[in-house]
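Listing of my_file-v6.cif; format and content: mmCIF, C-alpha atoms and all ligand atoms.
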data_coords
#
loop_
_atom_site.label_atom_id
_atom_site.label_comp_id
_atom_site.auth_asym_id
_atom_site.auth_seq_id
_atom_site.Cartn_x
_atom_site.Cartn_y
_atom_site.Cartn_z
CA MET A 5 -23.22 -19.27 -17.48
CA SER A 6 -22.55 -21.07 -14.18
CA ASP A 7 -20.90 -19.05 -11.39
CA ASN A 8 -19.82 -22.19 -9.53
CA ILE A 9 -16.33 -22.22 -8.07
CA ARG A 10 -14.35 -24.58 -5.86
CA LEU A 11 -14.95 -24.14 -2.15
CA ASP A 12 -11.21 -23.84 -1.35
CA LYS A 13 -10.72 -21.17 -4.05
CA PHE A 14 -13.71 -19.22 -2.77
CA ILE A 15 -12.34 -19.29 0.80
CA SER A 16 -8.70 -18.55 -0.06
CA GLU A 17 -9.74 -15.49 -2.08
CA ARG A 18 -11.58 -14.06 0.90
CA THR A 19 -9.38 -15.03 3.87
CA GLU A 20 -5.73 -15.35 4.73
CA LEU A 21 -6.05 -19.15 4.92
CA SER A 22 -3.90 -21.32 2.68
CA ARG A 23 -5.41 -24.24 0.77
CA SER A 24 -3.76 -26.75 3.16
CA VAL A 25 -5.18 -25.00 6.25
CA ILE A 26 -8.60 -24.91 4.58
CA LYS A 27 -8.34 -28.65 4.00
CA GLN A 28 -7.48 -29.31 7.65
CA LEU A 29 -10.32 -27.09 8.86
CA ALA A 30 -12.78 -28.83 6.55
CA SER A 31 -11.70 -32.27 7.79
CA LYS A 32 -12.50 -31.14 11.36
CA GLY A 33 -15.95 -29.86 10.38
CA GLY A 34 -14.97 -26.17 10.55
CA ILE A 35 -16.37 -25.32 7.12
CA LEU A 36 -20.10 -25.21 6.51
CA VAL A 37 -22.04 -24.73 3.29
CA ASP A 38 -25.64 -23.71 4.00
CA GLY A 39 -25.19 -24.89 7.58
CA ALA A 40 -23.86 -28.39 6.80
CA ALA A 41 -20.22 -29.40 7.28
CA VAL A 42 -18.42 -30.03 3.99
CA LYS A 43 -15.24 -32.09 4.15
CA LYS A 44 -14.27 -32.12 0.47
CA THR A 45 -12.72 -28.76 -0.36
CA ASP A 46 -12.96 -29.29 -4.12
CA THR A 47 -16.78 -29.21 -3.80
CA LYS A 48 -18.25 -26.66 -6.20
CA ILE A 49 -20.41 -23.91 -4.73
CA ASP A 50 -22.38 -21.01 -6.16
CA PRO A 51 -21.36 -17.90 -4.17
CA LYS A 52 -24.65 -16.18 -5.07
CA LYS A 53 -26.80 -19.00 -3.71
CA ASN A 54 -24.74 -20.79 -1.03
CA THR A 55 -23.68 -19.43 2.36
CA VAL A 56 -20.17 -20.41 3.37
CA THR A 57 -19.16 -20.28 7.03
CA VAL A 58 -15.54 -20.70 8.14
CA SER A 59 -14.86 -21.19 11.84
CA GLY A 60 -18.17 -19.53 12.64
CA ARG A 61 -17.67 -16.55 10.31
CA VAL A 62 -19.92 -16.12 7.26
CA LEU A 63 -17.92 -15.11 4.18
CA SER A 64 -19.26 -12.48 1.86
CA ALA A 65 -20.07 -13.60 -1.70
CA ARG A 66 -18.53 -10.38 -2.99
CA ARG A 67 -14.80 -10.51 -3.51
CA ASP A 68 -12.89 -7.29 -3.01
CA HIS A 69 -10.10 -6.41 -5.39
CA TYR A 70 -6.80 -4.77 -4.61
CA ILE A 71 -4.15 -3.40 -6.92
CA LEU A 72 -0.70 -2.11 -6.14
CA MET A 73 0.44 0.47 -8.70
CA ASN A 74 3.87 2.00 -9.15
CA LYS A 75 2.47 5.44 -9.91
CA PRO A 76 4.28 7.47 -12.53
CA GLU A 77 4.62 11.25 -12.56
CA GLY A 78 1.96 13.28 -14.35
CA TYR A 79 -1.15 11.36 -13.17
CA VAL A 80 -3.58 12.49 -10.48
CA CYS A 81 -4.98 10.16 -7.82
CA SER A 82 -8.66 10.61 -8.58
CA THR A 83 -11.49 8.79 -10.31
CA GLY A 84 -12.81 11.84 -12.20
CA ASP A 85 -11.06 13.11 -15.30
CA ARG A 86 -11.63 16.82 -14.60
CA ASP A 87 -8.04 17.08 -13.37
CA GLY A 88 -6.42 15.58 -16.47
CA ARG A 89 -4.91 12.13 -16.67
CA THR A 90 -5.78 9.94 -13.70
CA VAL A 91 -4.15 6.81 -12.33
CA MET A 92 -7.34 4.92 -13.22
CA GLU A 93 -6.32 5.04 -16.89
CA LEU A 94 -3.27 2.94 -16.11
CA ILE A 95 -5.17 -0.06 -14.75
CA PRO A 96 -5.18 -2.95 -17.24
CA ASP A 97 -8.71 -4.07 -18.23
CA ASP A 98 -8.30 -7.50 -16.63
CA LEU A 99 -7.59 -5.94 -13.22
CA ARG A 100 -10.19 -3.17 -13.36
CA THR A 101 -13.51 -3.54 -11.48
CA LYS A 102 -16.47 -1.25 -11.08
CA GLY A 103 -16.16 1.06 -8.08
CA MET A 104 -12.37 1.05 -7.82
CA PHE A 105 -10.67 4.13 -6.42
CA PRO A 106 -7.21 5.12 -5.13
CA ALA A 107 -6.98 4.42 -1.37
CA GLY A 108 -4.80 7.40 -0.55
CA ARG A 109 -3.14 10.11 -2.52
CA LEU A 110 0.18 10.84 -4.07
CA ASP A 111 0.70 14.26 -5.66
CA LYS A 112 0.67 14.51 -9.43
CA ASP A 113 4.47 14.76 -9.46
CA SER A 114 5.06 12.01 -6.84
CA THR A 115 5.74 8.40 -7.76
CA GLY A 116 5.60 4.98 -6.16
CA ALA A 117 3.32 2.70 -4.16
CA LEU A 118 -0.38 3.37 -4.54
CA ILE A 119 -3.22 1.04 -3.49
CA ILE A 120 -6.31 0.99 -5.68
CA THR A 121 -9.32 -0.99 -4.50
CA ASP A 122 -13.08 -1.39 -4.51
CA ASP A 123 -13.03 -2.20 -0.77
CA GLY A 124 -14.34 0.84 1.09
CA ASP A 125 -13.68 -0.74 4.50
CA LEU A 126 -10.01 -1.25 3.70
CA ALA A 127 -9.69 2.33 2.46
CA HIS A 128 -11.21 3.49 5.73
CA ARG A 129 -8.78 1.34 7.77
CA LEU A 130 -5.88 2.79 5.78
CA LEU A 131 -6.89 6.42 5.65
CA ALA A 132 -9.05 7.33 8.63
CA PRO A 133 -7.32 9.85 10.89
CA GLY A 134 -6.26 8.00 14.00
CA HIS A 135 -5.38 4.76 12.21
CA HIS A 136 -1.84 5.98 11.47
CA VAL A 137 -0.59 3.44 8.93
CA PRO A 138 3.09 4.35 8.36
CA LYS A 139 4.30 5.09 4.84
CA ILE A 140 7.95 5.32 3.79
CA TYR A 141 9.22 7.67 1.09
CA ILE A 142 12.58 8.37 -0.53
CA VAL A 143 12.97 12.10 -0.82
CA LYS A 144 15.37 13.99 -3.08
CA LEU A 145 16.10 17.38 -1.58
CA ALA A 146 17.25 20.58 -3.25
CA ARG A 147 19.81 21.21 -0.48
CA PRO A 148 21.90 18.82 1.65
CA PHE A 149 20.29 16.98 4.55
CA GLN A 150 20.88 18.51 8.00
CA ASN A 151 20.92 16.44 11.20
CA LYS A 152 18.65 18.95 12.94
CA TYR A 153 15.78 17.65 10.78
CA ILE A 154 15.78 14.39 12.76
CA ASP A 155 14.68 15.99 16.05
CA LYS A 156 12.39 18.50 14.37
CA PHE A 157 10.51 15.79 12.53
CA ALA A 158 10.45 13.55 15.63
CA ALA A 159 8.88 16.36 17.66
CA GLY A 160 6.19 16.94 15.00
CA VAL A 161 6.69 19.84 12.58
CA VAL A 162 4.52 22.87 13.32
CA LEU A 163 3.96 25.29 10.42
CA SER A 164 3.90 29.08 10.86
CA SER A 165 0.13 28.85 10.20
CA GLY A 166 -0.13 26.75 13.39
CA GLU A 167 -0.89 23.53 11.49
CA GLU A 168 0.76 20.56 13.18
CA PHE A 169 2.00 17.28 11.78
CA LEU A 170 2.36 14.09 13.78
CA PRO A 171 5.90 12.99 14.69
CA ALA A 172 7.75 11.58 11.70
CA ARG A 173 11.05 9.76 11.28
CA ILE A 174 13.82 10.64 8.89
CA ILE A 175 17.12 8.91 8.05
CA PRO A 176 19.69 10.40 5.68
CA ALA A 177 20.97 8.19 2.87
CA LYS A 178 24.57 7.05 3.38
CA ASN A 179 25.83 7.75 -0.10
CA CYS A 180 24.04 10.93 -1.12
CA GLU A 181 23.71 14.09 0.97
CA LYS A 182 20.50 15.14 -0.78
CA LEU A 183 18.61 11.87 -0.31
CA ALA A 184 16.67 10.80 2.77
CA PHE A 185 14.11 8.23 3.89
CA VAL A 186 11.03 9.66 5.60
CA GLU A 187 8.29 7.82 7.45
CA ILE A 188 4.97 9.55 8.09
CA CYS A 189 1.81 8.14 9.66
CA GLU A 190 -0.78 10.49 8.16
CA GLY A 191 -1.52 11.80 4.69
CA LYS A 192 -2.16 15.53 4.76
CA TYR A 193 -2.09 17.63 1.61
CA HIS A 194 1.52 18.03 0.32
CA GLN A 195 2.62 16.88 3.75
CA ILE A 196 6.26 15.98 3.15
CA LYS A 197 6.81 18.97 0.86
CA ARG A 198 5.43 21.29 3.51
CA MET A 199 7.47 19.62 6.28
CA PHE A 200 10.69 20.22 4.35
CA ALA A 201 9.65 23.77 3.44
CA ALA A 202 9.27 24.37 7.21
CA VAL A 203 12.95 23.45 7.71
CA GLU A 204 13.98 25.61 4.73
CA ASN A 205 14.62 22.83 2.29
CA HIS A 206 12.69 21.83 -0.81
CA VAL A 207 11.52 18.45 -2.11
CA GLU A 208 12.55 17.84 -5.70
CA ASN A 209 11.35 14.23 -5.97
CA LEU A 210 9.19 12.06 -3.82
CA HIS A 211 8.88 8.30 -4.26
CA ARG A 212 6.78 6.12 -1.92
CA ILE A 213 8.37 2.75 -1.28
CA SER A 214 6.00 1.25 1.27
CA VAL A 215 2.52 1.49 2.71
CA GLY A 216 2.32 -0.22 6.11
CA GLY A 217 4.15 -3.53 5.75
CA LEU A 218 3.67 -3.65 1.98
CA ILE A 219 6.83 -2.88 0.02
CA LEU A 220 6.77 -1.78 -3.61
CA PRO A 221 8.45 -4.69 -5.41
CA GLU A 222 11.46 -3.80 -7.52
CA LYS A 223 10.07 -5.82 -10.40
CA LEU A 224 6.99 -3.57 -10.66
CA GLY A 225 7.99 -1.02 -13.29
CA ILE A 226 6.86 2.58 -13.24
CA GLY A 227 3.22 2.77 -14.39
CA GLU A 228 2.67 -0.96 -13.85
CA CYS A 229 0.04 -2.62 -11.66
CA MET A 230 -0.19 -5.97 -9.89
CA GLU A 231 -3.06 -7.64 -8.13
CA LEU A 232 -2.61 -8.06 -4.38
CA LEU A 233 -3.57 -11.24 -2.57
CA HIS A 234 -5.44 -11.28 0.68
CA LYS A 235 -2.27 -11.94 2.67
CA ASP A 236 -0.54 -8.93 1.06
CA VAL A 237 -3.48 -6.80 2.10
CA GLU A 238 -3.21 -8.00 5.69
CA ASN A 239 0.50 -7.04 5.54
CA LEU A 240 -0.56 -3.44 5.18
CA PHE A 241 -1.33 -3.47 8.88
CA SER A 242 1.98 -4.97 10.06
CA PRO A 243 4.36 -2.01 9.87
CA LEU A 244 8.03 -2.37 8.94
CA ASP A 245 10.99 -1.70 11.20
CA PHE A 246 11.87 1.68 9.64
CA GLU A 247 15.57 1.74 10.52
CA LYS A 248 16.23 -1.83 9.45
CA PHE A 249 14.21 -1.33 6.28
CA CYS A 250 16.28 1.75 5.27
CA ARG A 251 19.59 0.00 6.03
CA ASP A 252 18.61 -3.09 4.03
CA PHE A 253 17.26 -0.97 1.19
CA GLU A 254 20.53 0.93 0.87
CA ASP A 255 22.71 -2.18 1.20
CA ASP A 256 20.67 -3.89 -1.47
CA PHE A 257 20.87 -0.84 -3.74
CA SER A 258 24.66 -0.57 -3.26
CA ALA A 259 25.12 -4.27 -3.94
CA LYS A 260 23.18 -4.01 -7.18
CA HIS A 261 24.28 -0.66 -8.53
CA ILE A 262 27.48 0.57 -6.83
CA ASN A 263 29.66 -2.33 -5.63
CA LYS A 264 29.35 -4.28 -8.85
N1 LIG A 301 3.73 14.20 0.86
C1 LIG A 301 3.74 15.05 -0.19
O1 LIG A 301 4.12 16.20 -0.05
N2 LIG A 301 3.35 14.59 -1.39
C2 LIG A 301 2.95 13.32 -1.61
O2 LIG A 301 2.62 12.95 -2.73
C3 LIG A 301 2.95 12.45 -0.50
C4 LIG A 301 3.34 12.91 0.72
#

File written out as structure tokens:
Amino acid sequence: MSDNIRLDKFISERTELSRSVIKQLASKGGILVDGAAVKKTDTKIDPKKNTVTVSGRVLSARRDHYILMNKPEGYVCSTGDRDGRTVMELIPDDLRTKGMFPAGRLDKDSTGALIITDDGDLAHRLLAPGHHVPKIYIVKLARPFQNKYIDKFAAGVVLSSGEEFLPARIIPAKNCEKLAFVEICEGKYHQIKRMFAAVENHVENLHRISVGGLILPEKLGIGECMELLHKDVENLFSPLDFEKFCRDFEDDFSAKHINK
């Protein structure tokens, strides 16, 4: 079977360039196939045999895959099945590739945005300590929110064991005294649960609504997956404005569910 694909499709799947930008670049000689400029972007190429260069950068033949899952409760973020049901079981066959793994963890009882990929470099950029990609969660607390949490979280919670967490931001929900938005920039074991335990509260539910600049779409039902495009993946590294995001999220929620 032939593995030939259109040049513009090959490039758009591996870069953030749109088809129209690819066309413009090609017309100016910015796209080379095996060292020769190719102006017609519907030219068919064989990624295994041809080398494609875009503005001086050689594109890899391998295409990485990215999935955004709305993780349900009861599944562990792991590729092995020793721990029971894993999120990998929820990936539809047409989205699954060899070597996929969850890029980050949510606890078995947590829900929400989870990236699953076969791109080890992306996982490293997302997870390596020091990279600090912010993640936003909605937290349901056992006891009412207290304003003192804001400064404590901003200063970086320190546990009685001496373990320290990086500064985090927290905003109480307007319409419910036991709901809050929390933004953390690291992913330590049971981090948010332990931060609230340190201020004598308790997390009853934890739902992740964003990773970097990528927001869990409302249309993605619990347990569902969608494939991410290259531009969505780049969004991961353009963080949201936390305060504005929380305000808009609540206004939108009220408009849909309360002020009807
Ligand atoms: N913090 C937690 O405590 N649990 C999660 O699943 C994510 C962040």

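Contacts with ligand LIG 301 (chain A) are defined as any residue atom within 9 Å of a ligand atom, using all atoms listed in the file; the residues meeting this criterion are A:Arg109, A:Leu110, A:Asp111, A:Lys112, A:Asp113, A:Ser114, A:Thr115, A:Lys139, A:Tyr141, A:Ile188, A:Glu190, A:Gly191, A:Lys192, A:Tyr193, A:His194, A:Gln195, A:Ile196, A:Lys197, A:Arg198, A:Met199, A:Phe200, A:Val207, A:Leu210, A:His211, A:Arg212.
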
Neighbouring residues of region 180-186 of chain A were defined as those with any atom within 8 Å, considering all atoms listed in the file; residues of the same chain fewer than 4 positions away were excluded. Please report them as number ranges by chain. A: 140-149, 172-176, 250

With all atoms listed in the file as the atoms that count, which of A:Ala201, A:Ile219, A:Leu11, A:Ala158 lies nearest to Thr55 (chain A)?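 Closest candidate: A:Leu11.
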
Measuring between all atoms listed in the file, which one of A:Glu167, A:Asp245, A:Glu231, A:Asp46 shows the shortest distance to Ile120 (chain A)?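 Looking at the shortest contact to Ile120 (chain A), the residue is A:Glu231.
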
Students should find that CA of Ala41 (chain A) and CA of Thr57 (chain A) are spaced 9.2 Å

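Counting from CA of Val137 (chain A), the distance to CA of Ser242 (chain A) is 8.9 Å.
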
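The two atoms in question, CA of Leu170 (chain A) and CA of His136 (chain A), are spaced 9.4 Å apart.
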
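The protein and nucleic acid residues lying at most 12 Å from Ile49 (chain A) are Ser6, Asp7, Asn8, Ile9, Arg10, Leu11, Asp12, Lys13, Phe14, Ile15, Leu36, Val37, Asp38, Val42, Thr55, Val56 and Ala65 of chain A, with all atoms listed in the file considered and sequence neighbours fewer than 6 positions away removed.
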
Nearest to Asp98 (chain A) by atom-to-atom distance, counting only C-alpha atoms, from A:Ala177, A:Gly60, A:His69, A:Asp236: A:His69

With all atoms listed in the file as the atoms that count, which of A:Thr47, A:Glu208, A:Glu228, A:Lys178 lies nearest to Asp252 (chain A)?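 Looking only at the distances to Asp252 (chain A), the closest residue turns out to be A:Lys178.
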
May I have the residues within 7 Å of Glu20 (chain A) as JSON, numbers by chain, using all atoms listed in the file and disregarding those fewer than 4 positions away in the same chain? {"A": [16, 234, 235]}

Please identify all polymer residues lying at most 12 Å from the point (-7.6, -0.2, -15.3) (file coordinates), using all atoms listed in the file, and present the result as a PyMOL selection string. chain A and resi 69-73+83+90-106+120-121+227-231

Return the single residue from A:Ile226, A:Ile26, A:Leu244, A:Ala159 that is closest to Lys75 (chain A), with distances computed using all atoms listed in the file.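 Selected residue with least distance to Lys75 (chain A): A:Ile226.
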